[in-house]
Every structure is written in C-alpha cells, then in structure tokens.
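Novice: Contents of final-v2.cif (mmCIF, C-alpha atoms and all ligand atoms) are below:
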data_work
#
loop_
_atom_site.group_PDB
_atom_site.id
_atom_site.type_symbol
_atom_site.label_atom_id
_atom_site.label_comp_id
_atom_site.auth_asym_id
_atom_site.auth_seq_id
_atom_site.Cartn_x
_atom_site.Cartn_y
_atom_site.Cartn_z
ATOM 1 C CA MET A 1 82.191 -34.929 58.546
ATOM 2 C CA THR A 2 82.498 -36.085 54.979
ATOM 3 C CA GLY A 3 80.202 -36.263 51.958
ATOM 4 C CA GLY A 4 78.243 -39.040 53.663
ATOM 5 C CA ARG A 5 77.407 -40.222 57.146
ATOM 6 C CA SER A 6 80.259 -40.843 59.531
ATOM 7 C CA PRO A 7 79.724 -44.218 61.198
ATOM 8 C CA GLY A 8 81.572 -44.568 64.451
ATOM 9 C CA ASP A 9 81.752 -40.818 65.056
ATOM 10 C CA PRO A 10 81.236 -40.284 68.765
ATOM 11 C CA VAL A 11 77.992 -38.631 69.783
ATOM 12 C CA PRO A 12 79.125 -35.929 72.203
ATOM 13 C CA GLY A 13 76.077 -36.422 74.437
ATOM 14 C CA GLU A 14 75.892 -40.184 74.226
ATOM 15 C CA ARG A 15 75.963 -40.664 77.969
ATOM 16 C CA ASP A 16 72.865 -38.578 78.254
ATOM 17 C CA SER A 17 69.885 -40.910 78.672
ATOM 18 C CA ASN A 18 67.650 -38.780 76.450
ATOM 19 C CA VAL A 19 70.071 -39.040 73.547
ATOM 20 C CA ARG A 20 70.420 -42.802 74.082
ATOM 21 C CA GLU A 21 66.644 -43.154 74.094
ATOM 22 C CA GLN A 22 66.330 -41.156 70.866
ATOM 23 C CA ILE A 23 69.032 -43.185 69.148
ATOM 24 C CA ALA A 24 67.304 -46.455 70.101
ATOM 25 C CA HIS A 25 63.912 -45.094 68.999
ATOM 26 C CA TYR A 26 65.067 -43.881 65.586
ATOM 27 C CA GLU A 27 67.271 -46.893 64.863
ATOM 28 C CA ARG A 28 64.033 -48.930 65.241
ATOM 29 C CA MET A 29 61.863 -46.460 63.294
ATOM 30 C CA ALA A 30 64.196 -45.627 60.418
ATOM 31 C CA ALA A 31 63.181 -48.331 57.911
ATOM 32 C CA GLY A 32 59.481 -47.399 58.130
ATOM 33 C CA PHE A 33 59.887 -43.681 58.846
ATOM 34 C CA ASP A 34 59.008 -42.407 55.373
ATOM 35 C CA ARG A 35 55.762 -44.418 55.394
ATOM 36 C CA SER A 36 54.489 -43.429 58.841
ATOM 37 C CA VAL A 37 50.819 -44.163 59.632
ATOM 38 C CA TRP A 38 50.601 -40.759 61.296
ATOM 39 C CA SER A 39 51.321 -39.181 57.910
ATOM 40 C CA LEU A 40 48.482 -41.261 56.430
ATOM 41 C CA GLY A 41 50.868 -42.897 53.975
ATOM 42 C CA ARG A 42 54.073 -41.395 52.592
ATOM 43 C CA ARG A 43 55.788 -38.581 54.501
ATOM 44 C CA ASP A 44 56.790 -37.099 51.177
ATOM 45 C CA ASN A 45 53.367 -35.478 50.888
ATOM 46 C CA ARG A 46 51.579 -32.135 50.715
ATOM 47 C CA ASN A 47 52.215 -31.369 54.389
ATOM 48 C CA HIS A 48 55.945 -31.946 53.903
ATOM 49 C CA LEU A 49 55.911 -29.449 51.051
ATOM 50 C CA VAL A 50 53.996 -26.858 53.091
ATOM 51 C CA LYS A 51 56.454 -27.288 55.985
ATOM 52 C CA ILE A 52 59.707 -27.058 54.026
ATOM 53 C CA SER A 53 58.398 -24.150 51.915
ATOM 54 C CA ALA A 54 57.571 -22.205 55.097
ATOM 55 C CA ILE A 55 60.971 -23.052 56.607
ATOM 56 C CA ALA A 56 62.761 -21.996 53.416
ATOM 57 C CA ARG A 57 60.952 -18.636 53.487
ATOM 58 C CA ALA A 58 61.702 -18.152 57.184
ATOM 59 C CA ILE A 59 65.444 -18.781 56.781
ATOM 60 C CA ALA A 60 65.705 -16.945 53.417
ATOM 61 C CA ALA A 61 67.106 -20.156 51.926
ATOM 62 C CA GLN A 62 67.404 -18.762 48.410
ATOM 63 C CA GLY A 63 69.921 -16.167 49.576
ATOM 64 C CA SER A 64 71.900 -18.500 51.862
ATOM 65 C CA ARG A 65 75.214 -19.996 50.866
ATOM 66 C CA ARG A 66 75.496 -22.535 53.719
ATOM 67 C CA ILE A 67 72.505 -24.072 55.490
ATOM 68 C CA LEU A 68 72.509 -26.382 58.533
ATOM 69 C CA GLU A 69 69.696 -28.758 59.491
ATOM 70 C CA VAL A 70 69.719 -30.366 62.933
ATOM 71 C CA GLY A 71 67.804 -33.657 63.142
ATOM 72 C CA ALA A 72 68.134 -34.210 59.385
ATOM 73 C CA GLY A 73 66.405 -37.598 59.582
ATOM 74 C CA THR A 74 65.960 -39.346 56.249
ATOM 75 C CA GLY A 75 66.819 -36.230 54.250
ATOM 76 C CA LEU A 76 63.430 -35.151 52.901
ATOM 77 C CA HIS A 77 63.953 -31.484 53.770
ATOM 78 C CA ALA A 78 67.558 -31.727 52.620
ATOM 79 C CA ARG A 79 66.511 -32.974 49.196
ATOM 80 C CA TRP A 80 64.103 -30.043 48.799
ATOM 81 C CA ILE A 81 66.824 -27.546 49.780
ATOM 82 C CA LEU A 82 69.287 -29.097 47.327
ATOM 83 C CA GLU A 83 66.749 -29.214 44.490
ATOM 84 C CA ASN A 84 65.313 -25.730 45.024
ATOM 85 C CA THR A 85 68.177 -23.517 46.230
ATOM 86 C CA PRO A 86 71.829 -23.045 45.278
ATOM 87 C CA ALA A 87 72.940 -23.577 48.908
ATOM 88 C CA GLU A 88 75.433 -26.034 50.332
ATOM 89 C CA TYR A 89 73.624 -28.237 52.884
ATOM 90 C CA VAL A 90 74.975 -29.694 56.131
ATOM 91 C CA GLY A 91 72.766 -32.081 58.124
ATOM 92 C CA VAL A 92 73.365 -33.705 61.506
ATOM 93 C CA ASP A 93 71.420 -36.305 63.474
ATOM 94 C CA VAL A 94 72.054 -38.791 66.288
ATOM 95 C CA SER A 95 70.730 -41.778 64.320
ATOM 96 C CA GLU A 96 73.043 -43.543 61.885
ATOM 97 C CA ALA A 97 70.111 -45.511 60.463
ATOM 98 C CA MET A 98 68.218 -42.299 59.602
ATOM 99 C CA LEU A 99 71.328 -40.736 58.062
ATOM 100 C CA ALA A 100 72.011 -43.876 56.018
ATOM 101 C CA ILE A 101 68.658 -43.347 54.285
ATOM 102 C CA ALA A 102 69.403 -39.632 53.847
ATOM 103 C CA THR A 103 72.780 -40.468 52.309
ATOM 104 C CA ARG A 104 71.114 -42.667 49.680
ATOM 105 C CA ARG A 105 68.377 -40.105 49.014
ATOM 106 C CA LEU A 106 70.865 -37.252 48.511
ATOM 107 C CA ALA A 107 73.357 -39.211 46.392
ATOM 108 C CA PRO A 108 72.455 -37.313 43.175
ATOM 109 C CA HIS A 109 73.662 -34.113 44.918
ATOM 110 C CA ALA A 110 77.088 -35.457 45.947
ATOM 111 C CA GLY A 111 79.526 -32.615 46.532
ATOM 112 C CA ARG A 112 76.863 -30.159 47.731
ATOM 113 C CA PHE A 113 75.986 -31.786 51.053
ATOM 114 C CA ARG A 114 77.575 -33.246 54.158
ATOM 115 C CA LEU A 115 75.929 -35.444 56.798
ATOM 116 C CA GLY A 116 77.260 -36.396 60.190
ATOM 117 C CA ILE A 117 76.475 -37.621 63.667
ATOM 118 C CA ALA A 118 76.026 -34.884 66.274
ATOM 119 C CA ASP A 119 73.850 -34.072 69.281
ATOM 120 C CA ALA A 120 71.623 -30.996 68.917
ATOM 121 C CA HIS A 121 72.514 -29.951 72.488
ATOM 122 C CA ARG A 122 76.212 -29.626 71.578
ATOM 123 C CA LEU A 123 76.766 -28.848 67.915
ATOM 124 C CA PRO A 124 80.342 -29.454 66.734
ATOM 125 C CA PHE A 125 80.580 -26.164 64.808
ATOM 126 C CA PRO A 126 82.222 -22.848 65.706
ATOM 127 C CA ASP A 127 80.046 -19.772 66.271
ATOM 128 C CA GLY A 128 78.743 -18.169 63.074
ATOM 129 C CA SER A 129 79.566 -21.104 60.747
ATOM 130 C CA PHE A 130 76.327 -20.940 58.715
ATOM 131 C CA ASP A 131 74.155 -18.386 56.928
ATOM 132 C CA ALA A 132 71.020 -20.126 58.173
ATOM 133 C CA ALA A 133 70.042 -23.062 60.385
ATOM 134 C CA PHE A 134 66.819 -24.941 60.986
ATOM 135 C CA CYS A 135 65.272 -28.007 62.510
ATOM 136 C CA SER A 136 61.945 -29.693 61.898
ATOM 137 C CA GLY A 137 60.337 -32.040 64.396
ATOM 138 C CA THR A 138 63.562 -32.209 66.404
ATOM 139 C CA LEU A 139 63.281 -29.853 69.411
ATOM 140 C CA HIS A 140 60.550 -31.963 71.007
ATOM 141 C CA HIS A 141 62.942 -34.930 71.078
ATOM 142 C CA LEU A 142 65.501 -33.054 73.171
ATOM 143 C CA ALA A 143 65.913 -33.116 76.933
ATOM 144 C CA ASP A 144 66.497 -29.354 76.680
ATOM 145 C CA PRO A 145 64.709 -27.861 73.639
ATOM 146 C CA GLY A 146 65.738 -24.308 74.608
ATOM 147 C CA ARG A 147 69.382 -25.350 74.506
ATOM 148 C CA GLY A 148 68.791 -26.898 71.065
ATOM 149 C CA LEU A 149 67.406 -23.614 69.743
ATOM 150 C CA ALA A 150 70.277 -21.674 71.359
ATOM 151 C CA GLU A 151 72.772 -23.963 69.598
ATOM 152 C CA LEU A 152 71.079 -23.312 66.235
ATOM 153 C CA ALA A 153 71.378 -19.558 66.878
ATOM 154 C CA ARG A 154 75.007 -19.817 68.031
ATOM 155 C CA VAL A 155 76.247 -21.471 64.839
ATOM 156 C CA VAL A 156 74.576 -18.888 62.562
ATOM 157 C CA ARG A 157 76.428 -15.705 61.573
ATOM 158 C CA PRO A 158 75.122 -12.359 62.874
ATOM 159 C CA GLY A 159 72.190 -11.371 60.666
ATOM 160 C CA GLY A 160 71.673 -15.019 59.625
ATOM 161 C CA ARG A 161 68.305 -16.704 60.089
ATOM 162 C CA VAL A 162 67.098 -19.549 62.302
ATOM 163 C CA ALA A 163 63.815 -21.512 62.188
ATOM 164 C CA ALA A 164 62.329 -24.399 64.169
ATOM 165 C CA MET A 165 59.207 -26.275 63.096
ATOM 166 C CA GLU A 166 57.517 -28.310 65.808
ATOM 167 C CA PRO A 167 54.333 -30.353 66.138
ATOM 168 C CA ASN A 168 51.568 -28.770 68.216
ATOM 169 C CA TRP A 169 50.325 -31.258 70.831
ATOM 170 C CA LYS A 170 46.909 -29.562 70.793
ATOM 171 C CA PHE A 171 46.212 -31.119 67.367
ATOM 172 C CA PRO A 172 44.418 -34.463 68.001
ATOM 173 C CA SER A 173 46.763 -36.865 66.170
ATOM 174 C CA VAL A 174 49.835 -35.126 67.654
ATOM 175 C CA LEU A 175 48.229 -35.385 71.111
ATOM 176 C CA LEU A 176 47.758 -39.148 70.646
ATOM 177 C CA VAL A 177 51.338 -39.753 69.474
ATOM 178 C CA SER A 178 52.793 -37.566 72.229
ATOM 179 C CA ALA A 179 50.744 -39.281 74.935
ATOM 180 C CA PHE A 180 51.545 -42.847 73.888
ATOM 181 C CA THR A 181 55.125 -42.677 72.570
ATOM 182 C CA LYS A 182 57.835 -42.262 75.195
ATOM 183 C CA ALA A 183 60.310 -40.680 72.773
ATOM 184 C CA GLU A 184 57.713 -38.020 71.850
ATOM 185 C CA ARG A 185 56.633 -36.958 75.335
ATOM 186 C CA ASN A 186 58.635 -33.718 75.361
ATOM 187 C CA ALA A 187 56.137 -32.415 72.791
ATOM 188 C CA PHE A 188 54.124 -31.291 75.815
ATOM 189 C CA LYS A 189 56.880 -28.752 76.599
ATOM 190 C CA ILE A 190 56.317 -27.079 73.211
ATOM 191 C CA ASN A 191 53.815 -24.291 72.607
ATOM 192 C CA GLY A 192 53.816 -20.859 70.993
ATOM 193 C CA ALA A 193 54.906 -19.148 74.210
ATOM 194 C CA SER A 194 57.769 -21.559 75.015
ATOM 195 C CA LEU A 195 59.089 -21.427 71.441
ATOM 196 C CA ALA A 196 59.034 -17.608 71.413
ATOM 197 C CA ARG A 197 60.710 -17.475 74.862
ATOM 198 C CA TRP A 198 63.499 -19.880 73.827
ATOM 199 C CA ALA A 199 64.016 -17.974 70.570
ATOM 200 C CA SER A 200 64.404 -14.649 72.375
ATOM 201 C CA GLY A 201 66.612 -16.301 75.009
ATOM 202 C CA ALA A 202 68.799 -17.617 72.160
ATOM 203 C CA GLY A 203 69.476 -14.028 71.125
ATOM 204 C CA LEU A 204 67.208 -14.009 68.074
ATOM 205 C CA ALA A 205 65.656 -10.716 66.994
ATOM 206 C CA GLY A 206 62.399 -10.225 65.081
ATOM 207 C CA VAL A 207 60.994 -13.469 66.498
ATOM 208 C CA ARG A 208 57.933 -14.642 64.574
ATOM 209 C CA LEU A 209 55.507 -17.487 65.278
ATOM 210 C CA GLU A 210 53.448 -19.091 62.502
ATOM 211 C CA ARG A 211 50.763 -21.755 62.810
ATOM 212 C CA LEU A 212 50.543 -24.126 59.846
ATOM 213 C CA LEU A 213 48.263 -26.904 58.587
ATOM 214 C CA TYR A 214 44.899 -28.022 59.887
ATOM 215 C CA THR A 215 43.991 -30.772 57.416
ATOM 216 C CA PRO A 216 45.253 -34.310 56.723
ATOM 217 C CA PRO A 217 48.126 -34.731 54.245
ATOM 218 C CA SER A 218 46.326 -37.104 51.873
ATOM 219 C CA PRO A 219 44.768 -38.397 49.657
ATOM 220 C CA ARG A 220 46.379 -36.569 46.744
ATOM 221 C CA ALA A 221 43.028 -36.174 44.963
ATOM 222 C CA LEU A 222 41.823 -33.870 47.772
ATOM 223 C CA GLU A 223 44.907 -31.666 47.977
ATOM 224 C CA ARG A 224 43.243 -28.591 46.444
ATOM 225 C CA ILE A 225 40.383 -28.858 48.909
ATOM 226 C CA TRP A 226 42.837 -29.204 51.811
ATOM 227 C CA ASP A 227 44.731 -26.126 50.572
ATOM 228 C CA ARG A 228 41.535 -24.080 50.722
ATOM 229 C CA ALA A 229 40.473 -25.518 54.057
ATOM 230 C CA ASP A 230 43.901 -24.661 55.504
ATOM 231 C CA ALA A 231 43.735 -21.097 54.191
ATOM 232 C CA LEU A 232 40.268 -20.676 55.726
ATOM 233 C CA ALA A 233 41.164 -22.328 59.043
ATOM 234 C CA ALA A 234 44.185 -20.051 59.439
ATOM 235 C CA ARG A 235 41.782 -17.077 59.576
ATOM 236 C CA VAL A 236 39.568 -18.485 62.346
ATOM 237 C CA PRO A 237 40.963 -17.289 65.685
ATOM 238 C CA GLY A 238 39.933 -20.325 67.816
ATOM 239 C CA LEU A 239 41.080 -22.848 65.226
ATOM 240 C CA ARG A 240 44.504 -21.271 64.953
ATOM 241 C CA ARG A 241 45.408 -22.825 68.288
ATOM 242 C CA LEU A 242 44.774 -26.257 66.737
ATOM 243 C CA SER A 243 47.236 -26.057 63.870
ATOM 244 C CA ILE A 244 49.332 -29.195 63.373
ATOM 245 C CA MET A 245 52.653 -27.334 63.249
ATOM 246 C CA LEU A 246 54.233 -24.319 64.960
ATOM 247 C CA LEU A 247 57.078 -22.482 63.243
ATOM 248 C CA VAL A 248 59.259 -20.078 65.188
ATOM 249 C CA SER A 249 61.902 -18.035 63.412
ATOM 250 C CA GLY A 250 64.170 -15.063 63.910
ATOM 251 C CA ARG A 251 67.408 -13.354 62.959
ATOM 252 C CA ARG A 252 70.639 -13.639 64.893
ATOM 253 C CA ALA A 253 71.279 -10.189 66.316
HETATM 254 C C1 LIG A 301 60.712 -36.510 63.738
HETATM 255 S S1 LIG A 301 62.319 -36.817 63.104
HETATM 256 C C2 LIG A 301 62.430 -35.463 61.942
HETATM 257 C C3 LIG A 301 63.358 -35.730 60.806
HETATM 258 C C4 LIG A 301 63.353 -34.641 59.711
HETATM 259 N N1 LIG A 301 63.709 -33.342 60.257
HETATM 260 C C5 LIG A 301 62.004 -34.579 59.031
HETATM 261 O O1 LIG A 301 61.212 -33.666 59.327
HETATM 262 O O2 LIG A 301 61.742 -35.457 58.202
HETATM 263 C C6 LIG A 301 63.382 -36.279 64.420
HETATM 264 C C7 LIG A 301 64.862 -36.502 64.142
HETATM 265 O O3 LIG A 301 65.610 -35.905 65.213
HETATM 266 C C8 LIG A 301 66.695 -36.751 65.522
HETATM 267 N N2 LIG A 301 67.152 -36.458 66.887
HETATM 268 C C9 LIG A 301 66.590 -36.831 68.065
HETATM 269 N N3 LIG A 301 67.325 -36.365 69.098
HETATM 270 C C10 LIG A 301 68.383 -35.695 68.547
HETATM 271 C C11 LIG A 301 69.503 -35.005 69.099
HETATM 272 N N4 LIG A 301 69.710 -34.911 70.431
HETATM 273 N N5 LIG A 301 70.385 -34.431 68.249
HETATM 274 C C12 LIG A 301 70.213 -34.521 66.894
HETATM 275 N N6 LIG A 301 69.177 -35.174 66.326
HETATM 276 C C13 LIG A 301 68.264 -35.745 67.136
HETATM 277 C C14 LIG A 301 66.140 -38.151 65.340
HETATM 278 O O4 LIG A 301 67.155 -39.122 65.183
HETATM 279 C C15 LIG A 301 65.268 -37.964 64.098
HETATM 280 O O5 LIG A 301 65.976 -38.232 62.913
#
Spell out the structure here as structure tokens.
Ligand SMILES: C[S@@+](CC[C@H](N)C(=O)[O-])C[C@H]1O[C@@H](n2cnc3c(N)ncnc32)[C@H](O)[C@@H]1O

Specialist:
Amino acid sequence: MTGGRSPGDPVPGERDSNVREQIAHYERMAAGFDRSVWSLGRRDNRNHLVKISAIARAIAAQGSRRILEVGAGTGLHARWILENTPAEYVGVDVSEAMLAIATRRLAPHAGRFRLGIADAHRLPFPDGSFDAAFCSGTLHHLADPGRGLAELARVVRPGGRVAAMEPNWKFPSVLLVSAFTKAERNAFKINGASLARWASGAGLAGVRLERLLYTPPSPRALERIWDRADALAARVPGLRRLSIMLLVSGRRA
C-alpha cells in the first residue's frame, strides 16, 4: 500500500461471491454514498459524530500510534481520526470507487495515512501490526462476520483495542434496508449476542456492548433535542433493544 489507493491490487478473496457482490454494490453506490437517503441527507451528520466518537473512546484512539480501519469507505471516520488524534491511519476496503473518494477527502493529511484494497476476511498484515483496529458498518457485509472480527483482533498487538460498530436490524429503517437490499442481508446475523460471541471467540478480553442512537440524524436545528432524546432513550430498558447501532469492543489478550 502507498499513500493513496492501489488500483489493480488483487483482492485476496475476489473469487468469493460475497466479495464480488460487495464490490459491485459499492462501485455503484460510491458516488451517492455520502448523501444517502437513509441518512436523511448528508452522512457527515450528528449520527456520524456520535458513532466515531464512541469508536474512538472504545479503541483509546488518543493513545494509539497506528490505527487500522477495515471497510474504510469514503473516509469519513478516517478524516475524524486524522483531525482529532495524533495517530497514523491505515484504511482498507474492497471498493476502489469508495477509496478514490477517501483518497481525495484525506489529501490534506498526506503522509499520515495509507489506503489500500484488501478483503476483511484475509487482512494482508502480520499479527500485532497495529495499536488499535476498528470497523464501522462493515461486518454485516461479510460472508463470515466472525472471521472479520477475528482478523481485526489478530492484527492488533497484545493489549491493543478492537471495536466494531454495526447497524441493529431491529431499528425500523435498518430493518427496511436489510430486508430489501441484497448486499445488506447479512445484517440479520448481527445482534448483541452474536457480536459478543464473535468478540470472545476472537480472543478479546473485557468485551463490552454499547447501544447507540435512537433518533434521526437531522435536521441540524433539532440536534440538541435529539441529543436529549437519545440520552433518555438509552435509559429505558425496552427501548435499548431498538438502538440504531451496536458497538462491540474489547482488548486483545
Ligand atoms: C456501509 S459502508 C461503511 C463505510 C465506512 N466505514 C463508514 O462508516 O462510512 C461498508 C464498507 O465496507 C466495504 N466492504 C464490504 N465488504 C468488504 C470486505 N469483504 N472487505 C473489506 N471491505 C468491505 C464496502 O466496500 C464499504 O465501503
């Protein structure tokens, strides 16, 4: 990998039909990805900030020298990491079109990041290469999400932190997308119990599950109200099951 995307790099799992399907899906989606209707406008919104802040806490990003993101997409999380921590960032994805957008977005941080093509099921890094690793909205695109989490754990040094943020199909809009989009159907494999099981199976210690966000991401004028509604909803036991996002994290033993 170099300071930008690596067109033509082989995808180790490219014969795998799931990976081919994901590549086709995201090559089609890339141009409109940051303006998704499901985000009610721009993806660079309040919910994005809540998600990346929670991930950064879970992986202790401030104290990490080298951070990996798997399924880096268009680089929104990467930009936050580069703007808010001193870490070096490495991002991989199977979609060249998504990484092309990330490369443009991260250009002001040249020298502190690398992007490349790689399959989450088979990361091209030796064991213990990073201080921390995370993914966001990626596991539910994999044929084998448990393997994806195990790969994140493998490439982190002992004591390093791993986090995976995933949509919760029990939230109504996530349920709709998961039911009607072929490339999203593995979301039904994801729940608090499966995430915690995969995390423990990956050798993570101190596994923690958080449930985040209950309100829409926009409009901006209502953000303070949504913040309060989210804080209240998080305290209501029944509602907790309906959070939009699930975040599992742990420490490599
Ligand atoms: C929902 S997007 C999330 C992007 C980014 N993490 C974010 O939250 O903005 C999922 C990303 O996972 C990537 N992806 C899908 N299957 C993958 C695989 N097997 N290995 C690596 N990345 C994959 C897609 O190309 C896409 O960019």

Novice: Let me know the residues the PyMOL selection byres (((not hetatm)) within 7 of (chain A and resi 301)) catches in the file above, as a list in words.

Specialist: Val19, Gln22, Ile23, Tyr26, Val70, Gly71, Ala72, Gly73, Thr74, Gly75, Leu76, His77, Val92, Asp93, Val94, Ser95, Met98, Ala118, Asp119, Ala120, His121, Cys135, Ser136, Gly137, Thr138, His141 and Leu142 of chain A

Novice: Those residues with C-alpha atoms, as an mmCIF file, in the frame of the given file please?

Specialist:
data_model
loop_
_atom_site.group_PDB
_atom_site.id
_atom_site.type_symbol
_atom_site.label_atom_id
_atom_site.label_comp_id
_atom_site.auth_asym_id
_atom_site.auth_seq_id
_atom_site.Cartn_x
_atom_site.Cartn_y
_atom_site.Cartn_z
ATOM 1 C CA VAL A 19 70.071 -39.040 73.547
ATOM 2 C CA GLN A 22 66.330 -41.156 70.866
ATOM 3 C CA ILE A 23 69.032 -43.185 69.148
ATOM 4 C CA TYR A 26 65.067 -43.881 65.586
ATOM 5 C CA VAL A 70 69.719 -30.366 62.933
ATOM 6 C CA GLY A 71 67.804 -33.657 63.142
ATOM 7 C CA ALA A 72 68.134 -34.210 59.385
ATOM 8 C CA GLY A 73 66.405 -37.598 59.582
ATOM 9 C CA THR A 74 65.960 -39.346 56.249
ATOM 10 C CA GLY A 75 66.819 -36.230 54.250
ATOM 11 C CA LEU A 76 63.430 -35.151 52.901
ATOM 12 C CA HIS A 77 63.953 -31.484 53.770
ATOM 13 C CA VAL A 92 73.365 -33.705 61.506
ATOM 14 C CA ASP A 93 71.420 -36.305 63.474
ATOM 15 C CA VAL A 94 72.054 -38.791 66.288
ATOM 16 C CA SER A 95 70.730 -41.778 64.320
ATOM 17 C CA MET A 98 68.218 -42.299 59.602
ATOM 18 C CA ALA A 118 76.026 -34.884 66.274
ATOM 19 C CA ASP A 119 73.850 -34.072 69.281
ATOM 20 C CA ALA A 120 71.623 -30.996 68.917
ATOM 21 C CA HIS A 121 72.514 -29.951 72.488
ATOM 22 C CA CYS A 135 65.272 -28.007 62.510
ATOM 23 C CA SER A 136 61.945 -29.693 61.898
ATOM 24 C CA GLY A 137 60.337 -32.040 64.396
ATOM 25 C CA THR A 138 63.562 -32.209 66.404
ATOM 26 C CA HIS A 141 62.942 -34.930 71.078
ATOM 27 C CA LEU A 142 65.501 -33.054 73.171
#

Novice: Residues near A:Glu166, anyone? I mean within 10 Å using all atoms listed in the file, not counting same-chain ones fewer than 2 positions away, as a short mmCIF file (atom, residue, chain, number, x, y, z; two decimals) with C-alpha atoms, in the coordinates of the input.

Specialist:
data_model
loop_
_atom_site.label_atom_id
_atom_site.label_comp_id
_atom_site.auth_asym_id
_atom_site.auth_seq_id
_atom_site.Cartn_x
_atom_site.Cartn_y
_atom_site.Cartn_z
CA LYS A 51 56.45 -27.29 55.98
CA CYS A 135 65.27 -28.01 62.51
CA SER A 136 61.94 -29.69 61.90
CA GLY A 137 60.34 -32.04 64.40
CA THR A 138 63.56 -32.21 66.40
CA LEU A 139 63.28 -29.85 69.41
CA HIS A 140 60.55 -31.96 71.01
CA ALA A 163 63.82 -21.51 62.19
CA ALA A 164 62.33 -24.40 64.17
CA ASN A 168 51.57 -28.77 68.22
CA TRP A 169 50.32 -31.26 70.83
CA ALA A 187 56.14 -32.42 72.79
CA ILE A 190 56.32 -27.08 73.21
CA ASN A 191 53.82 -24.29 72.61
CA GLY A 192 53.82 -20.86 70.99
CA LEU A 195 59.09 -21.43 71.44
CA ARG A 211 50.76 -21.76 62.81
CA ILE A 244 49.33 -29.20 63.37
CA MET A 245 52.65 -27.33 63.25
CA LEU A 246 54.23 -24.32 64.96
CA LEU A 247 57.08 -22.48 63.24
CA VAL A 248 59.26 -20.08 65.19
#

Novice: List the residues matched by the PyMOL selection byres (((chain A and resi 205) around 6) and not hetatm) in the displayed structure as a list in words, ordered by chain and then by residue number.

Specialist: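 What the PyMOL selection byres (((chain A and resi 205) around 6) and not hetatm) grabs from the file is Leu204, Gly206, Val207, Gly250, Arg251 and Ala253 of chain A.
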
Novice: Could you dump the residues just selected with C-alpha atoms as a short mmCIF file (atom, residue, chain, number, x, y, z; two decimals), in the coordinates of the input?

Specialist:
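Output saved as part07.cif:
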data_model
loop_
_atom_site.label_atom_id
_atom_site.label_comp_id
_atom_site.auth_asym_id
_atom_site.auth_seq_id
_atom_site.Cartn_x
_atom_site.Cartn_y
_atom_site.Cartn_z
CA LEU A 204 67.21 -14.01 68.07
CA GLY A 206 62.40 -10.22 65.08
CA VAL A 207 60.99 -13.47 66.50
CA GLY A 250 64.17 -15.06 63.91
CA ARG A 251 67.41 -13.35 62.96
CA ALA A 253 71.28 -10.19 66.32
#

Novice: Measure the distance from atom CA of A:Phe113 to atom CA of A:Gly91 in Å and round it to one decimal.

Specialist: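 Calculated distance between atom CA of A:Phe113 and atom CA of A:Gly91 is 7.8 Å.
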
Novice: Between atom CA of A:Phe130 and atom CA of A:Ala150, what is the distance in Å, rounded to a tenth?

Specialist: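 Atom CA of A:Phe130 sits 14.0 Å away from atom CA of A:Ala150.
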
Novice: Just so the selection is clear, what residues does the PyMOL selection byres (((chain A and resi 203) around 12) and not hetatm) cover here, as a count of residues only?

Specialist: 32

Novice: Would you list the contacts of A:Arg220 as a PDB file with C-alpha atoms, in the coordinates of the input, taking every protein, DNA or RNA residue within 12 Å and counting all atoms listed in the file, but skipping same-chain residues closer than 6 positions in sequence?

Specialist:
ATOM      1  CA  LEU A  40      48.482 -41.261  56.430  1.00  0.00           C
ATOM      2  CA  GLY A  41      50.868 -42.897  53.975  1.00  0.00           C
ATOM      3  CA  ARG A  42      54.073 -41.395  52.592  1.00  0.00           C
ATOM      4  CA  ASP A  44      56.790 -37.099  51.177  1.00  0.00           C
ATOM      5  CA  ASN A  45      53.367 -35.478  50.888  1.00  0.00           C
ATOM      6  CA  ARG A  46      51.579 -32.135  50.715  1.00  0.00           C
ATOM      7  CA  ASN A  47      52.215 -31.369  54.389  1.00  0.00           C
ATOM      8  CA  TRP A 226      42.837 -29.204  51.811  1.00  0.00           C
ATOM      9  CA  ASP A 227      44.731 -26.126  50.572  1.00  0.00           C
TER      10      ASP A 227
END

Novice: Show me the residues around (48.0, -32.6, 71.4) - criterion: an atom at most 12 Å away, all atoms listed in the file counted - as a PyMOL selection string.

Specialist: chain A and resi 166-180+184-191+241-245

Novice: Name the closest residue to A:Ala61 among the candidates A:Ala30, A:Leu123, A:Phe134, A:Leu115; distances are taken between atoms, counting all atoms listed in the file.

Specialist: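 Going through A:Ala30, A:Leu123, A:Phe134, A:Leu115 one by one, the smallest distance to A:Ala61 is for A:Phe134.
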
Novice: How many Å separate atom CA of A:Lys182 from atom CA of A:Ala24?

Specialist: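 Rounded to one decimal, the two atoms are 11.5 Å apart.
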
Novice: Please determine, counting all atoms listed in the file, which residue among A:Ala97, A:Thr103, A:Ser194, A:Leu49 has the shortest atom-to-atom distance to A:Pro145.

Specialist: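 Nearest to A:Pro145: A:Ser194.
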
Novice: Taking all atoms listed in the file into account, name the residue in A:Ala143, A:Leu106, A:Ala183, A:Ile81 that is nearest to A:Arg57.

Specialist: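 Nearest candidate to A:Arg57 out of A:Ala143, A:Leu106, A:Ala183, A:Ile81: A:Ile81.
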
Novice: For stretch 88-97 of chain A, what centre and edge lengths in Å (one decimal) does the axis-aligned box get once 3 Å is added on each side of all its listed atoms, as JSON?

Specialist:
{"center_x": 72.8, "center_y": -35.8, "center_z": 58.3, "size_x": 11.3, "size_y": 25.5, "size_z": 22.0}

Novice: Tell me which of A:Ala100, A:Ile55, A:Leu82, A:Ala31 sits closest to A:Met165, counting only C-alpha atoms.

Specialist: A:Ile55

Novice: Which one of A:Asp34, A:Glu21, A:Asp16, A:Asp131 sits closest to A:Arg66 if you count only C-alpha atoms?

Specialist: A:Asp131

Novice: Give me, as a list in words, all polymer residues having an atom no more than 9 Å from A:Arg79, counting all atoms listed in the file and skipping those fewer than 6 positions away in the same chain.

Specialist: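 These residues fall inside the cut-off: Ala102, Arg105, Leu106 and His109 of chain A.
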